$ cat run.cif   # mmCIF, C-alpha atoms
data_my_file
#
loop_
_atom_site.label_atom_id
_atom_site.label_comp_id
_atom_site.auth_asym_id
_atom_site.auth_seq_id
_atom_site.Cartn_x
_atom_site.Cartn_y
_atom_site.Cartn_z
CA MET W 9 127.77 -45.12 -150.96
CA HIS W 10 130.10 -45.06 -153.95
CA LEU W 11 131.63 -41.80 -155.05
CA SER W 12 132.35 -43.21 -158.51
CA PRO W 13 131.54 -46.40 -160.43
CA ASP W 14 135.28 -47.16 -160.33
CA GLU W 15 134.72 -48.57 -156.85
CA ILE W 16 132.18 -51.16 -158.02
CA VAL W 17 134.43 -54.09 -158.93
CA LEU W 18 132.72 -56.75 -161.00
CA TRP W 19 135.62 -59.14 -161.57
CA ARG W 20 139.21 -59.21 -160.44
CA SER W 21 142.09 -61.45 -161.46
CA GLY W 22 145.50 -60.47 -160.18
CA TYR W 23 146.46 -57.06 -161.54
CA ILE W 24 143.53 -56.82 -163.94
CA THR W 25 140.34 -55.32 -162.50
CA LEU W 26 137.05 -55.03 -164.33
CA ASN W 27 135.02 -52.28 -162.70
CA ALA W 28 131.59 -50.90 -163.54
CA THR W 29 133.04 -47.96 -165.50
CA ILE W 30 134.82 -50.18 -168.01
CA ALA W 31 131.93 -52.63 -168.25
CA PHE W 32 129.30 -49.95 -168.92
CA THR W 33 131.55 -48.07 -171.34
CA TRP W 34 132.07 -51.19 -173.43
CA GLY W 35 128.40 -52.05 -173.14
CA LEU W 36 127.43 -48.64 -174.48
CA MET W 37 129.99 -48.93 -177.28
CA LEU W 38 128.64 -52.35 -178.19
CA VAL W 39 125.04 -51.14 -178.25
CA MET W 40 125.89 -48.10 -180.36
CA VAL W 41 128.16 -49.88 -182.85
CA VAL W 42 125.93 -52.91 -183.33
CA GLY W 43 122.79 -50.75 -183.40
CA SER W 44 124.04 -48.35 -186.02
CA ARG W 45 125.50 -51.25 -188.02
CA LEU W 46 122.11 -52.93 -188.05
CA VAL W 47 120.39 -49.69 -189.07
CA THR W 48 122.82 -48.82 -191.86
CA ARG W 49 122.86 -52.34 -193.31
CA ARG W 50 120.09 -51.54 -195.79
CA LEU W 51 120.21 -47.84 -196.57
CA SER W 52 117.86 -46.40 -199.15
CA ILE W 53 118.24 -43.12 -201.00
CA GLY W 54 114.64 -42.95 -202.17
CA LEU W 55 111.69 -41.46 -200.30
CA GLU W 56 110.81 -44.89 -198.94
CA ARG W 57 113.06 -45.51 -195.95
CA ALA W 58 113.09 -47.32 -192.65
CA ARG W 59 112.15 -45.39 -189.50
CA TRP W 60 115.53 -46.06 -187.88
CA GLN W 61 117.32 -44.63 -190.89
CA ASN W 62 115.11 -41.55 -190.53
CA LEU W 63 116.10 -41.25 -186.86
CA LEU W 64 119.83 -41.49 -187.56
CA GLU W 65 119.56 -38.99 -190.41
CA ILE W 66 117.79 -36.50 -188.14
CA ILE W 67 120.50 -36.87 -185.48
CA VAL W 68 123.43 -36.59 -187.90
CA ILE W 69 122.01 -33.61 -189.76
CA ALA W 70 121.18 -31.81 -186.50
CA ILE W 71 124.74 -32.29 -185.21
CA GLU W 72 126.16 -31.17 -188.55
CA ASN W 73 124.09 -27.99 -188.46
CA GLN W 74 125.24 -27.26 -184.90
CA ILE W 75 128.91 -27.62 -185.92
CA ARG W 76 128.31 -25.35 -188.91
CA GLU W 77 126.64 -22.71 -186.76
CA VAL W 78 129.65 -22.54 -184.46
CA GLY W 79 131.82 -21.54 -187.39
CA ILE W 80 133.18 -24.60 -189.19
CA PRO W 81 131.63 -24.64 -192.68
CA GLU W 82 133.03 -28.06 -193.68
CA ALA W 83 131.27 -29.80 -190.78
CA ARG W 84 131.44 -33.25 -192.41
CA LYS W 85 135.18 -33.53 -191.76
CA PHE W 86 134.73 -33.08 -188.01
CA LEU W 87 131.54 -35.08 -187.69
CA GLY W 88 133.42 -38.29 -186.91
CA TYR W 89 135.14 -36.94 -183.82
CA LEU W 90 132.63 -34.44 -182.43
CA ALA W 91 129.50 -36.46 -183.08
CA THR W 92 131.08 -39.52 -181.47
CA ILE W 93 131.71 -37.55 -178.29
CA PHE W 94 128.18 -36.16 -178.26
CA LEU W 95 126.47 -39.48 -178.99
CA PHE W 96 128.49 -41.32 -176.36
CA LEU W 97 127.76 -38.71 -173.67
CA ALA W 98 124.10 -38.51 -174.63
CA MET W 99 123.70 -42.29 -174.56
CA ALA W 100 125.56 -42.47 -171.23
CA ALA W 101 123.14 -39.94 -169.75
CA LEU W 102 120.03 -41.37 -171.40
CA CYS W 103 120.60 -44.93 -170.20
CA THR W 104 120.18 -43.82 -166.56
CA ILE W 105 116.49 -44.69 -166.99
CA PHE W 106 117.51 -48.35 -166.74
CA PRO W 107 117.72 -49.54 -163.13
CA GLY W 108 121.11 -50.80 -161.99
CA TYR W 109 122.94 -48.73 -164.56
CA VAL W 110 125.63 -46.28 -163.46
CA PRO W 111 126.71 -43.73 -166.08
CA PRO W 112 130.40 -44.25 -166.88
CA THR W 113 130.70 -40.45 -167.11
CA ALA W 114 130.13 -40.31 -163.33
CA SER W 115 133.73 -41.52 -163.00
CA LEU W 116 136.54 -38.99 -163.18
CA SER W 117 138.64 -41.38 -165.29
CA THR W 118 136.17 -41.35 -168.19
CA THR W 119 135.72 -37.58 -168.23
CA VAL W 120 139.46 -36.95 -167.94
CA ALA W 121 140.05 -39.29 -170.87
CA LEU W 122 137.47 -37.45 -172.97
CA ALA W 123 138.88 -34.06 -171.99
CA LEU W 124 142.40 -35.24 -172.84
CA SER W 125 141.20 -36.31 -176.27
CA VAL W 126 139.89 -32.76 -176.79
CA PHE W 127 143.23 -31.43 -175.48
CA VAL W 128 145.03 -33.43 -178.20
CA ALA W 129 142.43 -32.87 -180.91
CA VAL W 130 142.54 -29.06 -180.76
CA PRO W 131 146.25 -28.73 -181.75
CA PHE W 132 145.85 -31.65 -184.18
CA PHE W 133 143.06 -30.03 -186.16
CA GLY W 134 144.68 -26.61 -185.78
CA ILE W 135 148.01 -27.78 -187.18
CA ARG W 136 146.32 -29.72 -189.96
CA ASP W 137 144.44 -26.60 -190.92
CA ARG W 138 147.08 -23.86 -190.68
CA GLY W 139 150.49 -25.54 -190.38
CA VAL W 140 152.82 -25.91 -187.39
CA ILE W 141 154.42 -22.44 -187.42
CA ASP W 142 151.21 -20.60 -188.02
CA TYR W 143 149.43 -22.59 -185.31
CA LEU W 144 152.16 -22.01 -182.72
CA ARG W 145 152.05 -18.32 -183.52
CA THR W 146 148.45 -18.14 -182.28
CA TYR W 147 149.71 -18.75 -178.75
CA ALA W 148 151.57 -15.43 -178.87
CA GLN W 149 148.56 -13.45 -179.97
CA PRO W 150 147.61 -10.65 -179.55
CA THR W 151 151.05 -9.98 -177.96
CA ALA W 152 153.89 -12.19 -176.75
CA ILE W 153 153.01 -11.27 -173.15
CA MET W 154 149.91 -13.42 -173.49
CA LEU W 155 151.96 -16.58 -174.16
CA PRO W 156 151.90 -18.01 -170.59
CA PHE W 157 148.23 -17.14 -170.16
CA ASN W 158 147.29 -18.88 -173.39
CA ILE W 159 149.12 -22.00 -172.27
CA ILE W 160 147.48 -21.86 -168.83
CA SER W 161 144.06 -21.47 -170.41
CA GLU W 162 144.74 -24.49 -172.62
CA VAL W 163 145.37 -26.64 -169.54
CA SER W 164 142.71 -25.15 -167.28
CA ARG W 165 139.93 -25.48 -169.82
CA THR W 166 140.75 -29.17 -170.18
CA LEU W 167 140.50 -29.55 -166.40
CA ALA W 168 137.25 -27.59 -166.39
CA LEU W 169 135.76 -29.80 -169.13
CA ALA W 170 136.58 -32.94 -167.16
CA VAL W 171 135.45 -31.74 -163.73
CA ARG W 172 132.26 -30.10 -165.04
CA LEU W 173 131.02 -33.27 -166.69
CA PHE W 174 132.11 -35.46 -163.76
CA GLY W 175 130.52 -33.18 -161.16
CA ASN W 176 127.20 -32.98 -162.97
CA MET W 177 126.86 -36.70 -163.63
CA MET W 178 128.15 -37.68 -160.19
CA SER W 179 125.85 -35.22 -158.40
CA GLY W 180 122.84 -36.73 -160.14
CA ALA W 181 123.65 -40.22 -158.86
CA MET W 182 124.63 -38.87 -155.43
CA ILE W 183 121.45 -36.82 -154.92
CA LEU W 184 119.38 -39.85 -155.93
CA GLY W 185 121.18 -42.00 -153.37
CA ILE W 186 120.65 -39.45 -150.60
CA LEU W 187 116.99 -38.84 -151.52
CA LEU W 188 116.24 -42.57 -151.62
CA SER W 189 117.10 -42.79 -147.95
CA ILE W 190 114.97 -39.73 -147.01
CA THR W 191 111.88 -39.74 -149.28
CA PRO W 192 111.84 -43.13 -150.95
CA PHE W 193 108.82 -43.17 -153.27
CA VAL W 194 107.81 -40.22 -155.43
CA PHE W 195 110.43 -37.52 -155.19
CA PRO W 196 113.38 -39.48 -156.65
CA ILE W 197 111.42 -39.92 -159.90
CA ALA W 198 111.30 -36.16 -160.35
CA MET W 199 115.02 -36.02 -159.69
CA ILE W 200 115.63 -38.75 -162.31
CA ALA W 201 113.77 -36.60 -164.85
CA LEU W 202 115.90 -33.61 -163.86
CA GLY W 203 119.03 -35.78 -164.10
CA LEU W 204 118.08 -36.79 -167.66
CA LEU W 205 117.76 -33.13 -168.63
CA THR W 206 121.06 -32.23 -166.94
CA GLY W 207 122.82 -35.13 -168.64
CA MET W 208 121.57 -34.07 -172.07
CA VAL W 209 122.53 -30.44 -171.49
CA GLN W 210 125.98 -31.47 -170.27
CA ALA W 211 126.51 -33.71 -173.32
CA TYR W 212 125.57 -30.76 -175.52
CA ILE W 213 127.83 -28.40 -173.55
CA PHE W 214 130.83 -30.73 -173.81
CA PHE W 215 130.23 -31.16 -177.53
CA ILE W 216 129.71 -27.47 -178.25
CA LEU W 217 132.75 -26.44 -176.17
CA ALA W 218 134.96 -28.95 -178.02
CA THR W 219 133.62 -27.56 -181.29
CA VAL W 220 134.29 -23.97 -180.21
CA TYR W 221 137.86 -24.83 -179.14
CA ILE W 222 138.57 -26.56 -182.46
CA ALA W 223 136.98 -23.72 -184.41
CA SER W 224 139.08 -21.16 -182.55
CA ALA W 225 142.27 -23.10 -183.35
CA MET W 226 141.56 -22.99 -187.06
CA ARG W 227 141.77 -20.20 -189.61
CA VAL W 228 138.98 -17.63 -189.65
CA ARG W 229 136.39 -18.77 -192.16
CA LYS W 230 133.98 -16.79 -194.22
CA PRO W 231 130.56 -16.83 -192.55
CA PRO W 232 127.92 -18.93 -194.32
CA PRO W 233 125.94 -17.06 -197.00
CA ALA W 234 122.75 -16.79 -194.96
CA THR W 235 124.26 -14.67 -192.18
CA GLU W 236 126.27 -12.69 -194.71
CA ALA W 237 123.06 -11.73 -196.47
CA ALA W 238 121.49 -10.82 -193.14
CA ASN W 239 124.47 -8.62 -192.25
CA GLY W 240 124.29 -6.99 -195.66
CA ALA W 241 120.59 -6.31 -195.20
CA GLN W 242 121.22 -4.72 -191.81
CA GLN W 243 124.01 -2.57 -193.16
CA GLY W 244 121.84 -1.61 -196.10
CA GLN W 245 119.11 -0.47 -193.75
CA GLN W 246 121.33 1.59 -191.53
CA PRO W 247 121.94 4.63 -193.80
CA ARG W 248 118.23 5.33 -194.03
CA MET J 5 139.37 -33.70 -128.83
CA ASP J 6 141.47 -36.32 -130.52
CA SER J 7 142.59 -35.82 -134.08
CA MET J 8 139.80 -37.93 -135.61
CA THR J 9 137.06 -35.79 -134.05
CA THR J 10 138.84 -32.61 -135.11
CA ILE J 11 139.11 -33.81 -138.70
CA ALA J 12 135.48 -34.97 -138.75
CA VAL J 13 134.17 -31.66 -137.37
CA ALA J 14 136.33 -29.58 -139.68
CA SER J 15 135.35 -31.65 -142.72
CA ILE J 16 131.62 -31.53 -142.07
CA VAL J 17 131.54 -27.82 -141.25
CA MET J 18 133.73 -26.93 -144.21
CA ALA J 19 131.68 -29.11 -146.57
CA GLY J 20 128.55 -27.19 -145.62
CA LEU J 21 130.28 -23.83 -145.89
CA THR J 22 131.83 -24.75 -149.24
CA THR J 23 128.54 -25.71 -150.85
CA GLY J 24 126.72 -22.81 -149.22
CA PHE J 25 129.08 -20.06 -150.31
CA GLY J 26 129.95 -21.82 -153.55
CA THR J 27 126.35 -21.85 -154.74
CA LEU J 28 125.70 -18.27 -153.59
CA GLY J 29 127.58 -16.55 -156.42
CA PRO J 30 126.48 -18.81 -159.28
CA ALA J 31 122.85 -18.58 -158.09
CA LEU J 32 122.93 -14.78 -158.28
CA ALA J 33 124.73 -14.88 -161.62
CA GLU J 34 122.33 -17.40 -163.12
CA GLY J 35 119.37 -15.38 -161.93
CA ARG J 36 120.73 -12.31 -163.67
CA ALA J 37 121.49 -14.28 -166.83
CA VAL J 38 118.02 -15.81 -167.02
CA ALA J 39 116.36 -12.46 -166.32
CA THR J 40 118.33 -10.80 -169.11
CA ALA J 41 117.60 -13.68 -171.48
CA LEU J 42 113.87 -13.44 -170.71
CA ALA J 43 113.92 -9.71 -171.36
CA SER J 44 115.63 -10.17 -174.71
CA LEU J 45 113.29 -13.04 -175.59
CA ALA J 46 110.34 -10.76 -174.97
CA GLN J 47 111.91 -8.08 -177.13
CA GLN J 48 113.01 -10.35 -179.97
CA PRO J 49 111.05 -13.61 -180.12
CA ASP J 50 112.57 -14.30 -183.57
CA ALA J 51 116.04 -14.81 -182.10
CA SER J 52 114.77 -17.31 -179.53
CA ALA J 53 116.83 -20.23 -180.90
CA THR J 54 120.14 -18.36 -180.65
CA ILE J 55 119.30 -16.81 -177.29
CA THR J 56 118.23 -20.12 -175.79
CA ARG J 57 121.33 -21.94 -177.03
CA THR J 58 123.69 -19.27 -175.77
CA LEU J 59 121.78 -19.14 -172.49
CA PHE J 60 122.15 -22.87 -171.92
CA VAL J 61 125.85 -22.86 -172.72
CA GLY J 62 126.40 -19.83 -170.50
CA LEU J 63 124.37 -21.28 -167.64
CA ALA J 64 126.38 -24.48 -167.73
CA MET J 65 129.62 -22.49 -167.68
CA VAL J 66 128.42 -20.41 -164.72
CA GLU J 67 127.11 -23.45 -162.94
CA SER J 68 130.41 -25.29 -163.25
CA THR J 69 131.92 -23.17 -160.46
CA ALA J 70 129.13 -24.33 -158.17
CA ILE J 71 129.79 -27.89 -159.33
CA TYR J 72 133.47 -27.52 -158.41
CA CYS J 73 132.46 -26.54 -154.87
CA PHE J 74 130.04 -29.46 -154.74
CA VAL J 75 132.78 -31.86 -155.83
CA VAL J 76 135.10 -30.49 -153.14
CA SER J 77 132.48 -30.92 -150.41
CA MET J 78 131.62 -34.44 -151.64
CA ILE J 79 135.32 -35.32 -151.43
CA LEU J 80 135.43 -33.84 -147.90
CA ILE J 81 132.50 -36.00 -146.77
CA PHE J 82 132.84 -39.27 -148.68
CA ALA J 83 136.48 -39.55 -149.75
CA ASN J 84 138.39 -37.45 -147.25
CA PRO J 85 142.12 -38.18 -147.65
CA PHE J 86 143.04 -36.87 -144.16
CA TRP J 87 140.35 -38.98 -142.52
CA ASN J 88 141.55 -42.08 -144.40
CA HIS J 89 145.12 -41.27 -143.35
CA VAL J 90 144.21 -41.04 -139.66
CA ILE J 91 142.18 -44.24 -139.82
CA ALA J 92 145.09 -46.05 -141.46
CA GLN J 93 147.40 -44.76 -138.70
CA ASN J 94 145.03 -45.88 -135.95
CA LEU J 95 144.75 -49.32 -137.50
CA GLY J 96 148.51 -49.59 -137.72
CA ARG J 97 148.93 -48.71 -134.06
#

$ encode --input "run.cif" --output "structure tokens"
Amino acid sequence: MHLSPDEIVLWRSGYITLNATIAFTWGLMLVMVVGSRLVTRRLSIGLERARWQNLLEIIVIAIENQIREVGIPEARKFLGYLATIFLFLAMAALCTIFPGYVPPTASLSTTVALALSVFVAVPFFGIRDRGVIDYLRTYAQPTAIMLPFNIISEVSRTLALAVRLFGNMMSGAMILGILLSITPFVFPIAMIALGLLTGMVQAYIFFILATVYIASAMRVRKPPPATEAANGAQQGQQPR
Amino acid sequence: MDSMTTIAVASIVMAGLTTGFGTLGPALAEGRAVATALASLAQQPDASATITRTLFVGLAMVESTAIYCFVVSMILIFANPFWNHVIAQNLGR
């Protein structure tokens, strides 16, 4: 039994090793890049459009709305980074329906790399939004006593992101392996369905947490008009 | 008992204990969270989208502590560093 797809070595030549994690990651990247390239080759802006274009538009708009709901009004600017993470994780989880496939996110190396990219992206977007001095000042808020705790939380939440995703994806594969040796026929199918759901939820969690971290590193924005109107309506009702 | 048996017994027992106690707290917490979410869903069906989203995010956060314990017990059983160390020593002897 393999604890991670890192141990499945497909090809080795001297110092260079090609394991299942790298192979499946590049396979997923190839499928996604070539697929979306094929879909976006002939885009139409009229009402008549291809079904694949419809699908991609639904996905992109849904992700954009999610980012906006977390508190970043100009969601388009962050779509490139956040949506890439979500789509990769979702594809990695979804492809488990193919036999012989091991999700690359079941390896700690992949999840640590993704978490490290969030660890770098949060200060990057924060500094781009509010400047170096102003960003560094947020570490000493509300008081300077909180400085070490803020730094610890920055590191520990990166660790938590990585281990949470790894644990969930790895446990799915592990439980399947154990169940296959106990009850081979029907029960593993139910667990595959549960694993698909868990994978989707974890992709969403990773994405939404990265969005929340980035949003909290940026300046406080005005809430979108819809909620403002709702707040106003509530406040207007209260005096009565 | 030689050292290999000791390590094997300690690893297996501790793996069981880790998962057992590690899932105890999150299970209680998730039960409470879901019960509260159901109550508020019944009170305010209009806010179901927000409640469900927050519930899922919260559940995953709560569950991650159980996942940490699971990872630790999996390491104890399948990738135990002490066990590997003893085996390497025995082979070298």

$ closest_atom_pairs --input "run.cif" --of "chain W" --to "chain J" --cutoff "7 Å" --atoms "all atoms listed in the file" --output "tab-separated table"
residue	atom	partner	partner_atom	distance
W:Leu11	CA	J:Phe82	CA	7.0
W:Arg172	CA	J:Ser68	CA	5.5
W:Gly175	CA	J:Ile71	CA	5.6
W:Asn176	CA	J:Ile71	CA	6.8
W:Ile213	CA	J:Val61	CA	5.9

$ residues_around --input "run.cif" --residues "Gly20 in chain J" --least-positions-apart "5" --cutoff "9 Å" --atoms "only C-alpha atoms" --output "compact mmCIF listing (two decimals) with C-alpha atoms, keeping the file's coordinate frame"
# COMPACT_ATOMS: atom_id res chain seq x y z
CA SER J 15 135.35 -31.65 -142.72
CA PHE J 25 129.08 -20.06 -150.31
CA SER J 77 132.48 -30.92 -150.41

$ resolve_selection --input "run.cif" --expression "the PyMOL selection byres ((chain W and resi 19-29) around 10)" --output "list of chain:residue names"
W:Ser12, W:Pro13, W:Asp14, W:Glu15, W:Ile16, W:Val17, W:Leu18, W:Ile30, W:Ala31, W:Phe32, W:Thr33, W:Trp34, W:Gly35, W:Tyr109, W:Val110, W:Pro111, W:Pro112, W:Thr113, W:Ala114, W:Ser115, W:Leu116, W:Ser117, W:Thr118

$ write_last_selection --input "run.cif" --atoms "C-alpha atoms" --output "compact mmCIF listing (two decimals), in the frame of the given file"
# COMPACT_ATOMS: atom_id res chain seq x y z
CA SER W 12 132.35 -43.21 -158.51
CA PRO W 13 131.54 -46.40 -160.43
CA ASP W 14 135.28 -47.16 -160.33
CA GLU W 15 134.72 -48.57 -156.85
CA ILE W 16 132.18 -51.16 -158.02
CA VAL W 17 134.43 -54.09 -158.93
CA LEU W 18 132.72 -56.75 -161.00
CA ILE W 30 134.82 -50.18 -168.01
CA ALA W 31 131.93 -52.63 -168.25
CA PHE W 32 129.30 -49.95 -168.92
CA THR W 33 131.55 -48.07 -171.34
CA TRP W 34 132.07 -51.19 -173.43
CA GLY W 35 128.40 -52.05 -173.14
CA TYR W 109 122.94 -48.73 -164.56
CA VAL W 110 125.63 -46.28 -163.46
CA PRO W 111 126.71 -43.73 -166.08
CA PRO W 112 130.40 -44.25 -166.88
CA THR W 113 130.70 -40.45 -167.11
CA ALA W 114 130.13 -40.31 -163.33
CA SER W 115 133.73 -41.52 -163.00
CA LEU W 116 136.54 -38.99 -163.18
CA SER W 117 138.64 -41.38 -165.29
CA THR W 118 136.17 -41.35 -168.19

$ residues_around --input "run.cif" --residues "Ala148 in chain W" --least-positions-apart "5" --cutoff "10 Å" --atoms "only C-alpha atoms" --output "PyMOL selection string"
chain W and resi 143+153-159

$ atom_distance --input "run.cif" --atom1 "CA of Ile216 in chain W" --atom2 "CA of Arg165 in chain W"
13.4 Å

$ resolve_selection --input "run.cif" --expression "the PyMOL selection byres ((chain W and resi 119-124) around 12)" --output "VMD selection string"
chain W and resid 12 29 33 89 to 90 92 to 94 96 to 97 100 111 to 118 125 to 131 162 to 178 210 to 211 214 to 215 217 to 218 221

$ write_last_selection --input "run.cif" --atoms "C-alpha atoms" --output "CSV table (one decimal), in the coordinates of the input"
chain,number,residue,atom,x,y,z
W,12,SER,CA,132.4,-43.2,-158.5
W,29,THR,CA,133.0,-48.0,-165.5
W,33,THR,CA,131.6,-48.1,-171.3
W,89,TYR,CA,135.1,-36.9,-183.8
W,90,LEU,CA,132.6,-34.4,-182.4
W,92,THR,CA,131.1,-39.5,-181.5
W,93,ILE,CA,131.7,-37.6,-178.3
W,94,PHE,CA,128.2,-36.2,-178.3
W,96,PHE,CA,128.5,-41.3,-176.4
W,97,LEU,CA,127.8,-38.7,-173.7
W,100,ALA,CA,125.6,-42.5,-171.2
W,111,PRO,CA,126.7,-43.7,-166.1
W,112,PRO,CA,130.4,-44.2,-166.9
W,113,THR,CA,130.7,-40.4,-167.1
W,114,ALA,CA,130.1,-40.3,-163.3
W,115,SER,CA,133.7,-41.5,-163.0
W,116,LEU,CA,136.5,-39.0,-163.2
W,117,SER,CA,138.6,-41.4,-165.3
W,118,THR,CA,136.2,-41.4,-168.2
W,125,SER,CA,141.2,-36.3,-176.3
W,126,VAL,CA,139.9,-32.8,-176.8
W,127,PHE,CA,143.2,-31.4,-175.5
W,128,VAL,CA,145.0,-33.4,-178.2
W,129,ALA,CA,142.4,-32.9,-180.9
W,130,VAL,CA,142.5,-29.1,-180.8
W,131,PRO,CA,146.2,-28.7,-181.8
W,162,GLU,CA,144.7,-24.5,-172.6
W,163,VAL,CA,145.4,-26.6,-169.5
W,164,SER,CA,142.7,-25.2,-167.3
W,165,ARG,CA,139.9,-25.5,-169.8
W,166,THR,CA,140.8,-29.2,-170.2
W,167,LEU,CA,140.5,-29.6,-166.4
W,168,ALA,CA,137.2,-27.6,-166.4
W,169,LEU,CA,135.8,-29.8,-169.1
W,170,ALA,CA,136.6,-32.9,-167.2
W,171,VAL,CA,135.4,-31.7,-163.7
W,172,ARG,CA,132.3,-30.1,-165.0
W,173,LEU,CA,131.0,-33.3,-166.7
W,174,PHE,CA,132.1,-35.5,-163.8
W,175,GLY,CA,130.5,-33.2,-161.2
W,176,ASN,CA,127.2,-33.0,-163.0
W,177,MET,CA,126.9,-36.7,-163.6
W,178,MET,CA,128.2,-37.7,-160.2
W,210,GLN,CA,126.0,-31.5,-170.3
W,211,ALA,CA,126.5,-33.7,-173.3
W,214,PHE,CA,130.8,-30.7,-173.8
W,215,PHE,CA,130.2,-31.2,-177.5
W,217,LEU,CA,132.8,-26.4,-176.2
W,218,ALA,CA,135.0,-29.0,-178.0
W,221,TYR,CA,137.9,-24.8,-179.1

$ resolve_selection --input "run.cif" --expression "the PyMOL selection byres ((chain J and resi 8) around 12)" --output "PyMOL selection string"
chain J and resi 5-7+9-15+84+86-94

$ atom_distance --input "run.cif" --atom1 "CA of Glu77 in chain W" --atom2 "CA of Ala51 in chain J"
14.0 Å

$ axis_aligned_box --input "run.cif" --around "range 220-227 of chain W" --padding-each-side "6 Å" --output "AutoDock Vina command-line options"
--center_x 138.3 --center_y -23.4 --center_z -184.4 --size_x 20.0 --size_y 18.4 --size_z 22.5

$ atom_distance --input "run.cif" --atom1 "CA of Arg138 in chain W" --atom2 "CA of Arg84 in chain W"
18.3 Å

$ closest_residue --input "run.cif" --among "J:Gln47, J:Ala39, J:Thr58, J:Ala31" --to "Val78 in chain W" --atoms "only C-alpha atoms"
J:Thr58
